[in-house]
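Taking it in order: structure first as structure tokens, then the write-up.
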2 protein chains.
Amino acid sequence: MPRSGTAPGEAGNVSISAVARQAGVSVATVSRVLNGQAVVKAETRDKVMAAVDALGYRMNHLARNLRTAASRLLLTMVPDVGNPFYAEIVRGIDSVARQQGYFVLLCDTGADPGRERSYFDLLRTRRADGAICLDPDTVQQALAEEAAPLPWVACCEFDPEAAVPYVGIDNRAAAREAVQHLLARGHHRIALINSDERFLYARQRRQGYRDALTDAGLRLHPEWQVNVRSLDFAAGAEAAAWLMALPEPPSAIFAVSDTLAIGVLRGLRDAGRRVPDDVAVIGFDDIALAAQVDPPLTTVAQPMRELGETAARLLLQRLAEPGVAVPGMLLPHRLICRASA
Amino acid sequence: MPRSGTAPGEAGNVSISAVARQAGVSVATVSRVLNGQAVVKAETRDKVMAAVDALGYRMNHLARNLRTAASRLLLTMVPDVGNPFYAEIVRGIDSVARQQGYFVLLCDTGADPGRERSYFDLLRTRRADGAICLDPDTVQQALAEEAAPLPWVACCEFDPEAAVPYVGIDNRAAAREAVQHLLARGHHRIALINSDERFLYARQRRQGYRDALTDAGLRLHPEWQVNVRSLDFAAGAEAAAWLMALPEPPSAIFAVSDTLAIGVLRGLRDAGRRVPDDVAVIGFDDIALAAQVDPPLTTVAQPMRELGETAARLLLQRLAEPGVAVPGMLLPHRLICRASA
DNA sequence: ACCAAAAATGTAATCGATTACATCGTGGAT
DNA sequence: ATCCACGATGTAATCGATTACATTTTTGGT
């Protein structure tokens, strides 16, 4: 193995003062060149640059960050990186962050307050400049109390009462529309498969579901409203099986997440029901997979990428102008009609 | 809005010297207490701890890291965070890293060498202590050349010739077994849907596919071997449609990734073929979704979590003992027979 | 040729920790 | 009483950058 190694000045241990020595100037000048300040003579700049790549110098950002008190790292805390919904939001965040010269430190909290805290400490100790939190608003509450002045924003999940900037959608209205769509197709026995109600969206979508039914003059059936503890396919499949085993099973199911809805499709198939003929299904999010399953899933689309981008922009804005209050904002959703309902 | 703020010592700008002043001791003593050194008297320790939480002190890790030349950050570079396969590996990495007191900085490179480089610079400039790379081995090559001495390891994708520790599976053997399974079910017209051959696994699995066919004395049909440019569902669906439009379409399809295979299922359905009766399908990875689709997917399982855990352990080991050579290792795969083949 | 203003560069303090080394007390051996 | 060893603590250098301020050089006007 011909370990060619790093070509010029051996390893990456070259400091700014080594460069200064090599170039025959002071560290200040080197620093100025490196930071693109206009006040250096072209000739000197060249000498410095020559020294820089003669020695293979690379700046130690730790030192710079210590001095400038900025890390150019943005924390992003998500309950589950594996969920395609969050993955897409993260892409949105990443794209605007990179564009502004920030790196994104992605953390999978599993919606666990303990891990959330430990990650959040990165912000407190200045290892990150700002944070975007997608965790349940109930776990955010604790943070909001003790960390209100720190630069962070909430995405998807938020407490409208808190002084923390946020971006999300109008979950209640969106859920109502979804259920109304089902009603319009003639369904009266409509079930709700909801997730952990620590999530704001879960509570809001339940509200929307109830709004639609009561508006239509229908009675709420408690056993048609089920809560599952996780958002994976299996949870959806189980819930569907359970609903179908009811003496009076529903003829339509509204699941608050596409992953659940896809599990529901599976559960219904196993229970021998055809979709949408026997049971209609409607999901939420419009993840890429939703269009691929059989039948393609009717769902409420969230502008995932934009949610991420907006969150990042909000945060960057807050970082740039620490004083000014950044407003919360809601992005539009859209009902996508496919074959499952 | 009752902005209670951070309770005690105002913001997080308290330094170690402030604590020292408050406690009436020197900074050295405070540092010793904070780092759990045994040489401080219990009485002093208490004074210090009292001062610490009187002022709400939190250590500035930038400063500490500058001094100790360690960031306790591990870089993880993946081609696509949204892919459930990578997501699970990342979980494995994260779990062992956290356990050892490291944070994971997750980077979505999109398999783009430019972004890869820019992230890799975090390592060079000591903002991260080590890195795990899951990008195509062709993009790794460049890194291997110039960054061989830096502490990083390869996961899934690797160059066996390079001096970089790695963990992966025996893709060639795994692919051969998959195709042999198809052969054993009486299929002779077997297609391969492969991904970007910049990936080592793509090249190795193609080899395995060919091995199995030639071992069985079958001729290779060039038009039954298609390469797609991305791993998403749509790519699989398109490829399947294309294959079915052939004058002599295959009776079985081996897709090198479950996401592709799931797209294939969709494509076959659209083309009016039943699975597995008309066409058998076999995937690769065994992502969670594979068991949920209709029909449940036969696939080659990779130990995703273990791959991640092992990669992290390899890296940590390399960090702990910089001198010693860490070997490459292969983990076992397993054929999971479900209904699609 | 001279001087002030402007431009370029250098000096040294600083960010907030760690840690080698120096110093101070105190108790036990002689 | 003297001295030493050792435990506890303090002093100050250090990590590698940025930057206010001081100093030197250049420029241009007369």
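Scheme for the structure tokens: letters A, B, ... for chains in order shown; per-chain residue numbers from 1; ligand numbers from 1 in order shown.
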Excluding DA12 of chain D and any residue of its chain fewer than 3 positions from it, enumerate the residues within 12 Å of it, using only C-alpha atoms (C1' of nucleotides), and give them as a PyMOL selection string.
(chain B and resi 26-28) or (chain C and resi 18-22)
If you keep N, CA, C and O atoms (P, O5', C5', C4', C3', O3' and C1' of nucleotides), can you produce a file of those selected residues as a PDB file, in the first residue's frame?
ATOM      1  N   SER B  26      -9.272  28.936  42.834  1.00  0.00           N
ATOM      2  CA  SER B  26      -8.668  29.248  41.537  1.00  0.00           C
ATOM      3  C   SER B  26      -9.348  28.472  40.412  1.00  0.00           C
ATOM      4  O   SER B  26     -10.043  27.487  40.648  1.00  0.00           O
ATOM      5  N   VAL B  27      -9.113  28.933  39.210  1.00  0.00           N
ATOM      6  CA  VAL B  27      -9.712  28.247  38.063  1.00  0.00           C
ATOM      7  C   VAL B  27      -9.249  26.804  37.975  1.00  0.00           C
ATOM      8  O   VAL B  27     -10.006  25.923  37.576  1.00  0.00           O
ATOM      9  N   ALA B  28      -8.013  26.569  38.348  1.00  0.00           N
ATOM     10  CA  ALA B  28      -7.489  25.208  38.277  1.00  0.00           C
ATOM     11  C   ALA B  28      -8.336  24.284  39.135  1.00  0.00           C
ATOM     12  O   ALA B  28      -8.704  23.182  38.717  1.00  0.00           O
TER      13      ALA B  28
ATOM     14  P    DT C  18     -11.527  21.920  31.403  1.00  0.00           P
ATOM     15  O5'  DT C  18      -9.995  21.878  30.940  1.00  0.00           O
ATOM     16  C5'  DT C  18      -9.675  21.197  29.738  1.00  0.00           C
ATOM     17  C4'  DT C  18      -8.173  21.124  29.610  1.00  0.00           C
ATOM     18  C3'  DT C  18      -7.479  20.245  30.643  1.00  0.00           C
ATOM     19  O3'  DT C  18      -6.476  19.533  29.930  1.00  0.00           O
ATOM     20  C1'  DT C  18      -6.541  22.393  30.704  1.00  0.00           C
ATOM     21  P    DT C  19      -5.802  18.213  30.556  1.00  0.00           P
ATOM     22  O5'  DT C  19      -4.455  18.772  31.177  1.00  0.00           O
ATOM     23  C5'  DT C  19      -3.550  19.467  30.331  1.00  0.00           C
ATOM     24  C4'  DT C  19      -2.398  20.007  31.157  1.00  0.00           C
ATOM     25  C3'  DT C  19      -2.013  19.132  32.359  1.00  0.00           C
ATOM     26  O3'  DT C  19      -0.611  19.187  32.478  1.00  0.00           O
ATOM     27  C1'  DT C  19      -2.431  21.290  33.090  1.00  0.00           C
ATOM     28  P    DA C  20       0.181  17.814  32.715  1.00  0.00           P
ATOM     29  O5'  DA C  20       1.685  18.341  32.807  1.00  0.00           O
ATOM     30  C5'  DA C  20       2.218  19.117  31.754  1.00  0.00           C
ATOM     31  C4'  DA C  20       3.127  20.213  32.300  1.00  0.00           C
ATOM     32  C3'  DA C  20       4.098  19.759  33.370  1.00  0.00           C
ATOM     33  O3'  DA C  20       5.328  20.454  33.184  1.00  0.00           O
ATOM     34  C1'  DA C  20       2.687  21.423  34.272  1.00  0.00           C
ATOM     35  P    DC C  21       6.609  20.050  34.037  1.00  0.00           P
ATOM     36  O5'  DC C  21       6.589  21.149  35.187  1.00  0.00           O
ATOM     37  C5'  DC C  21       6.542  22.521  34.824  1.00  0.00           C
ATOM     38  C4'  DC C  21       6.259  23.358  36.058  1.00  0.00           C
ATOM     39  C3'  DC C  21       7.091  22.994  37.289  1.00  0.00           C
ATOM     40  O3'  DC C  21       7.804  24.154  37.675  1.00  0.00           O
ATOM     41  C1'  DC C  21       4.814  23.313  37.850  1.00  0.00           C
ATOM     42  P    DA C  22       8.656  24.148  39.018  1.00  0.00           P
ATOM     43  O5'  DA C  22       7.772  25.133  39.904  1.00  0.00           O
ATOM     44  C5'  DA C  22       7.367  26.382  39.355  1.00  0.00           C
ATOM     45  C4'  DA C  22       6.610  27.158  40.429  1.00  0.00           C
ATOM     46  C3'  DA C  22       7.301  27.196  41.789  1.00  0.00           C
ATOM     47  O3'  DA C  22       7.082  28.472  42.370  1.00  0.00           O
ATOM     48  C1'  DA C  22       5.193  26.136  42.001  1.00  0.00           C
TER      49       DA C  22
END
List the neighbours of Asp170 of chain B out to 8 Å using only C-alpha atoms (C1' of nucleotides); skip same-chain residues closer than 4 positions along the sequence, and give me the result as number ranges by chain.
B: 174, 330-333
Got time to write the residues from that selection, all heavy atoms, as a PDB file, in the first residue's frame?
ATOM      1  N   ALA B 174     -24.232 -12.924  -1.584  1.00  0.00           N
ATOM      2  CA  ALA B 174     -25.636 -12.684  -1.254  1.00  0.00           C
ATOM      3  C   ALA B 174     -26.481 -12.617  -2.518  1.00  0.00           C
ATOM      4  O   ALA B 174     -27.568 -13.199  -2.590  1.00  0.00           O
ATOM      5  CB  ALA B 174     -25.762 -11.386  -0.456  1.00  0.00           C
ATOM      6  N   LEU B 330     -16.600  -8.460   7.359  1.00  0.00           N
ATOM      7  CA  LEU B 330     -17.857  -8.705   6.655  1.00  0.00           C
ATOM      8  C   LEU B 330     -18.850  -9.342   7.614  1.00  0.00           C
ATOM      9  O   LEU B 330     -18.507 -10.257   8.360  1.00  0.00           O
ATOM     10  CB  LEU B 330     -17.613  -9.630   5.464  1.00  0.00           C
ATOM     11  CG  LEU B 330     -16.710  -9.070   4.365  1.00  0.00           C
ATOM     12  CD1 LEU B 330     -16.542 -10.081   3.241  1.00  0.00           C
ATOM     13  CD2 LEU B 330     -17.272  -7.764   3.831  1.00  0.00           C
ATOM     14  N   LEU B 331     -20.072  -8.844   7.596  1.00  0.00           N
ATOM     15  CA  LEU B 331     -21.116  -9.384   8.470  1.00  0.00           C
ATOM     16  C   LEU B 331     -22.010 -10.312   7.658  1.00  0.00           C
ATOM     17  O   LEU B 331     -22.098 -10.195   6.439  1.00  0.00           O
ATOM     18  CB  LEU B 331     -21.937  -8.223   9.040  1.00  0.00           C
ATOM     19  CG  LEU B 331     -21.542  -7.682  10.420  1.00  0.00           C
ATOM     20  CD1 LEU B 331     -20.074  -7.797  10.718  1.00  0.00           C
ATOM     21  CD2 LEU B 331     -21.999  -6.241  10.585  1.00  0.00           C
ATOM     22  N   PRO B 332     -22.696 -11.236   8.327  1.00  0.00           N
ATOM     23  CA  PRO B 332     -23.517 -12.202   7.584  1.00  0.00           C
ATOM     24  C   PRO B 332     -24.830 -11.594   7.074  1.00  0.00           C
ATOM     25  O   PRO B 332     -25.422 -10.757   7.729  1.00  0.00           O
ATOM     26  CB  PRO B 332     -23.797 -13.285   8.622  1.00  0.00           C
ATOM     27  CG  PRO B 332     -23.739 -12.574   9.934  1.00  0.00           C
ATOM     28  CD  PRO B 332     -22.683 -11.512   9.774  1.00  0.00           C
ATOM     29  N   HIS B 333     -25.249 -12.064   5.913  1.00  0.00           N
ATOM     30  CA  HIS B 333     -26.558 -11.674   5.365  1.00  0.00           C
ATOM     31  C   HIS B 333     -27.483 -12.887   5.497  1.00  0.00           C
ATOM     32  O   HIS B 333     -27.057 -13.952   5.935  1.00  0.00           O
ATOM     33  CB  HIS B 333     -26.397 -11.307   3.891  1.00  0.00           C
ATOM     34  CG  HIS B 333     -25.796 -12.413   3.099  1.00  0.00           C
ATOM     35  ND1 HIS B 333     -24.438 -12.517   2.891  1.00  0.00           N
ATOM     36  CD2 HIS B 333     -26.336 -13.497   2.501  1.00  0.00           C
ATOM     37  CE1 HIS B 333     -24.175 -13.603   2.187  1.00  0.00           C
ATOM     38  NE2 HIS B 333     -25.311 -14.218   1.946  1.00  0.00           N
TER      39      HIS B 333
END
Give me, as an NGL selection string, the contact residues of chain A against chain B at a cut-off of 7 Å, counting only C-alpha atoms.
:A and (4-6 or 12 or 58-63 or 66 or 81-82 or 84 or 87-88 or 105-106 or 124-127 or 145-149 or 233 or 263 or 266 or 292-293)
May I have the selected residues written with N, CA, C and O atoms, as a short mmCIF file (atom, residue, chain, number, x, y, z; two decimals), in the first residue's frame?
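Printed below is again.cif as written:
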data_model
loop_
_atom_site.label_atom_id
_atom_site.label_comp_id
_atom_site.auth_asym_id
_atom_site.auth_seq_id
_atom_site.Cartn_x
_atom_site.Cartn_y
_atom_site.Cartn_z
N SER A 4 0.57 7.40 0.20
CA SER A 4 1.13 8.67 -0.26
C SER A 4 0.97 9.75 0.81
O SER A 4 1.75 10.67 0.89
N GLY A 5 -0.05 9.61 1.66
CA GLY A 5 -0.24 10.57 2.75
C GLY A 5 -0.60 11.95 2.26
O GLY A 5 -0.79 12.18 1.07
N THR A 6 -0.73 12.89 3.17
CA THR A 6 -0.99 14.27 2.77
C THR A 6 0.29 14.83 2.18
O THR A 6 1.34 14.81 2.80
N GLY A 12 -2.01 17.94 9.42
CA GLY A 12 -2.82 19.16 9.49
C GLY A 12 -2.56 19.94 10.76
O GLY A 12 -3.44 20.62 11.26
N ARG A 58 -4.71 24.34 7.06
CA ARG A 58 -6.17 24.40 7.14
C ARG A 58 -6.52 24.99 8.49
O ARG A 58 -6.01 24.54 9.51
N MET A 59 -7.41 25.93 8.46
CA MET A 59 -7.71 26.64 9.70
C MET A 59 -8.32 25.72 10.76
O MET A 59 -9.12 24.86 10.46
N ASN A 60 -7.96 25.94 11.97
CA ASN A 60 -8.59 25.26 13.10
C ASN A 60 -9.82 26.05 13.51
O ASN A 60 -9.74 27.11 14.12
N HIS A 61 -10.96 25.49 13.15
CA HIS A 61 -12.20 26.21 13.42
C HIS A 61 -12.55 26.29 14.89
O HIS A 61 -13.27 27.17 15.32
N LEU A 62 -12.04 25.35 15.64
CA LEU A 62 -12.31 25.41 17.08
C LEU A 62 -11.80 26.73 17.62
O LEU A 62 -12.50 27.44 18.34
N ALA A 63 -10.59 27.05 17.25
CA ALA A 63 -9.98 28.27 17.76
C ALA A 63 -10.77 29.50 17.26
O ALA A 63 -11.09 30.40 18.02
N LEU A 66 -14.00 29.74 19.05
CA LEU A 66 -13.84 30.18 20.43
C LEU A 66 -13.78 31.69 20.46
O LEU A 66 -14.44 32.35 21.26
N VAL A 81 -35.38 9.95 12.61
CA VAL A 81 -34.77 10.22 11.30
C VAL A 81 -35.26 9.28 10.22
O VAL A 81 -35.25 9.61 9.04
N GLY A 82 -35.67 8.08 10.63
CA GLY A 82 -36.05 7.08 9.65
C GLY A 82 -37.37 7.39 8.98
O GLY A 82 -37.66 6.89 7.91
N PRO A 84 -39.80 9.01 6.68
CA PRO A 84 -39.57 9.77 5.45
C PRO A 84 -40.10 11.20 5.52
O PRO A 84 -39.56 12.09 4.87
N ALA A 87 -37.38 13.09 7.12
CA ALA A 87 -36.21 13.11 6.24
C ALA A 87 -36.33 14.22 5.22
O ALA A 87 -35.37 14.94 4.94
N GLU A 88 -37.53 14.39 4.68
CA GLU A 88 -37.71 15.42 3.66
C GLU A 88 -37.59 16.82 4.25
O GLU A 88 -37.03 17.74 3.65
N LEU A 105 -26.31 19.67 12.31
CA LEU A 105 -26.06 18.55 13.21
C LEU A 105 -27.40 17.91 13.50
O LEU A 105 -28.25 18.48 14.18
N LEU A 106 -27.60 16.73 12.93
CA LEU A 106 -28.90 16.08 13.01
C LEU A 106 -28.97 15.11 14.18
O LEU A 106 -28.11 14.26 14.33
N ARG A 124 -26.61 25.34 24.55
CA ARG A 124 -26.26 26.09 25.76
C ARG A 124 -24.77 26.32 25.85
O ARG A 124 -24.31 27.36 26.27
N THR A 125 -24.02 25.31 25.49
CA THR A 125 -22.58 25.41 25.64
C THR A 125 -21.92 25.93 24.37
O THR A 125 -20.73 25.78 24.18
N ARG A 126 -22.73 26.50 23.51
CA ARG A 126 -22.22 27.20 22.32
C ARG A 126 -21.53 26.31 21.31
O ARG A 126 -20.73 26.78 20.52
N ARG A 127 -21.79 25.03 21.39
CA ARG A 127 -21.19 24.19 20.37
C ARG A 127 -22.03 24.25 19.11
O ARG A 127 -21.62 23.82 18.06
N GLU A 145 -39.49 26.94 28.70
CA GLU A 145 -39.39 27.58 30.00
C GLU A 145 -37.97 28.04 30.29
O GLU A 145 -37.72 29.20 30.58
N GLU A 146 -37.05 27.09 30.18
CA GLU A 146 -35.70 27.37 30.64
C GLU A 146 -34.81 27.94 29.55
O GLU A 146 -33.73 28.43 29.83
N ALA A 147 -35.28 27.85 28.30
CA ALA A 147 -34.37 28.21 27.22
C ALA A 147 -34.99 29.22 26.26
O ALA A 147 -34.56 29.33 25.12
N ALA A 148 -35.97 29.92 26.73
CA ALA A 148 -36.65 30.87 25.85
C ALA A 148 -35.68 31.82 25.14
O ALA A 148 -35.83 32.07 23.95
N PRO A 149 -34.69 32.36 25.83
CA PRO A 149 -33.86 33.35 25.16
C PRO A 149 -32.85 32.74 24.19
O PRO A 149 -32.26 33.47 23.40
N PHE A 233 -45.46 1.16 10.16
CA PHE A 233 -46.46 0.43 9.39
C PHE A 233 -47.22 -0.57 10.26
O PHE A 233 -48.44 -0.68 10.17
N GLY A 263 -49.77 1.05 6.58
CA GLY A 263 -49.97 -0.11 7.44
C GLY A 263 -51.44 -0.53 7.42
O GLY A 263 -51.77 -1.72 7.39
N ARG A 266 -52.37 -2.61 4.51
CA ARG A 266 -51.92 -3.97 4.74
C ARG A 266 -52.88 -4.71 5.67
O ARG A 266 -53.29 -5.84 5.41
N GLN A 292 -47.01 5.11 -4.39
CA GLN A 292 -46.50 3.83 -4.89
C GLN A 292 -47.30 2.64 -4.43
O GLN A 292 -47.23 1.57 -5.03
N VAL A 293 -48.02 2.78 -3.34
CA VAL A 293 -48.69 1.62 -2.77
C VAL A 293 -49.94 1.29 -3.57
O VAL A 293 -50.34 2.03 -4.46
#
Would you give me, as a ChimeraX atom specification, the residues in segment 11-169 of chain B that DSSP reads as alpha helix (DSSP H)?
/B:16-23,27-34,42-55,61-68,84-99,113-124,137-147
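The closest residue to Val30 of chain A, picked from D:DA17, D:DA8, D:DA22, D:DC3 and counting only C-alpha atoms (C1' of nucleotides), is D:DA17.
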What's the 12 Å shell around Pro222 of chain A, counting only C-alpha atoms (C1' of nucleotides), without same-chain residues fewer than 2 positions away, as a count of residues only?
16
Give the residues of chain C that lie within 8 Å of chain B; count only C-alpha atoms (C1' of nucleotides), and format the answer as a ChimeraX atom specification.
/C:15-18
Can you work out which residues from chain D touch chain A at a cut-off of 8 Å (counting only C-alpha atoms (C1' of nucleotides)) and hand them back as a PDB file with C-alpha atoms (C1' of nucleotides), in the first residue's frame?
ATOM      1  C1'  DC D  15      -4.237  25.741  22.515  1.00  0.00           C
ATOM      2  C1'  DG D  16      -5.047  28.750  17.541  1.00  0.00           C
ATOM      3  C1'  DA D  17      -7.457  31.865  16.048  1.00  0.00           C
ATOM      4  C1'  DT D  18      -9.465  37.351  15.885  1.00  0.00           C
TER       5       DT D  18
END
All residues 12 Å or closer to DG25 of chain C, only C-alpha atoms (C1' of nucleotides), same chain fewer than 5 positions away omitted, as an MDAnalysis selection string:
chainID D and resid 5:9
Okay, now the selection with N, CA and C atoms (P, O5', C5', C4', C3', O3' and C1' of nucleotides), as an mmCIF file, in the first residue's frame?
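This went into out_7.cif:
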data_model
loop_
_atom_site.group_PDB
_atom_site.id
_atom_site.type_symbol
_atom_site.label_atom_id
_atom_site.label_comp_id
_atom_site.auth_asym_id
_atom_site.auth_seq_id
_atom_site.Cartn_x
_atom_site.Cartn_y
_atom_site.Cartn_z
ATOM 1 P P DA D 5 11.670 13.809 51.587
ATOM 2 O "O5'" DA D 5 10.163 13.342 51.615
ATOM 3 C "C5'" DA D 5 9.695 12.498 52.684
ATOM 4 C "C4'" DA D 5 8.189 12.403 52.612
ATOM 5 C "C3'" DA D 5 7.636 12.356 51.183
ATOM 6 O "O3'" DA D 5 6.569 11.425 51.159
ATOM 7 C "C1'" DA D 5 6.740 14.238 52.311
ATOM 8 P P DC D 6 5.918 10.934 49.782
ATOM 9 O "O5'" DC D 6 4.398 11.342 49.995
ATOM 10 C "C5'" DC D 6 3.842 11.435 51.304
ATOM 11 C "C4'" DC D 6 2.666 12.391 51.266
ATOM 12 C "C3'" DC D 6 1.997 12.467 49.892
ATOM 13 O "O3'" DC D 6 0.600 12.479 50.077
ATOM 14 C "C1'" DC D 6 2.519 14.621 50.622
ATOM 15 P P DG D 7 -0.385 12.013 48.941
ATOM 16 O "O5'" DG D 7 -1.732 12.743 49.380
ATOM 17 C "C5'" DG D 7 -1.963 13.041 50.760
ATOM 18 C "C4'" DG D 7 -2.592 14.418 50.865
ATOM 19 C "C3'" DG D 7 -3.592 14.724 49.753
ATOM 20 O "O3'" DG D 7 -4.719 15.354 50.336
ATOM 21 C "C1'" DG D 7 -1.929 16.401 49.797
ATOM 22 P P DA D 8 -6.022 15.664 49.488
ATOM 23 O "O5'" DA D 8 -5.849 17.225 49.267
ATOM 24 C "C5'" DA D 8 -5.950 18.084 50.400
ATOM 25 C "C4'" DA D 8 -5.708 19.491 49.964
ATOM 26 C "C3'" DA D 8 -6.621 19.988 48.838
ATOM 27 O "O3'" DA D 8 -7.288 21.147 49.325
ATOM 28 C "C1'" DA D 8 -4.360 20.509 48.373
ATOM 29 P P DT D 9 -8.384 21.876 48.405
ATOM 30 O "O5'" DT D 9 -7.471 22.925 47.661
ATOM 31 C "C5'" DT D 9 -6.995 24.053 48.389
ATOM 32 C "C4'" DT D 9 -6.012 24.821 47.543
ATOM 33 C "C3'" DT D 9 -6.595 25.506 46.318
ATOM 34 O "O3'" DT D 9 -6.725 26.882 46.619
ATOM 35 C "C1'" DT D 9 -4.429 24.591 45.929
#
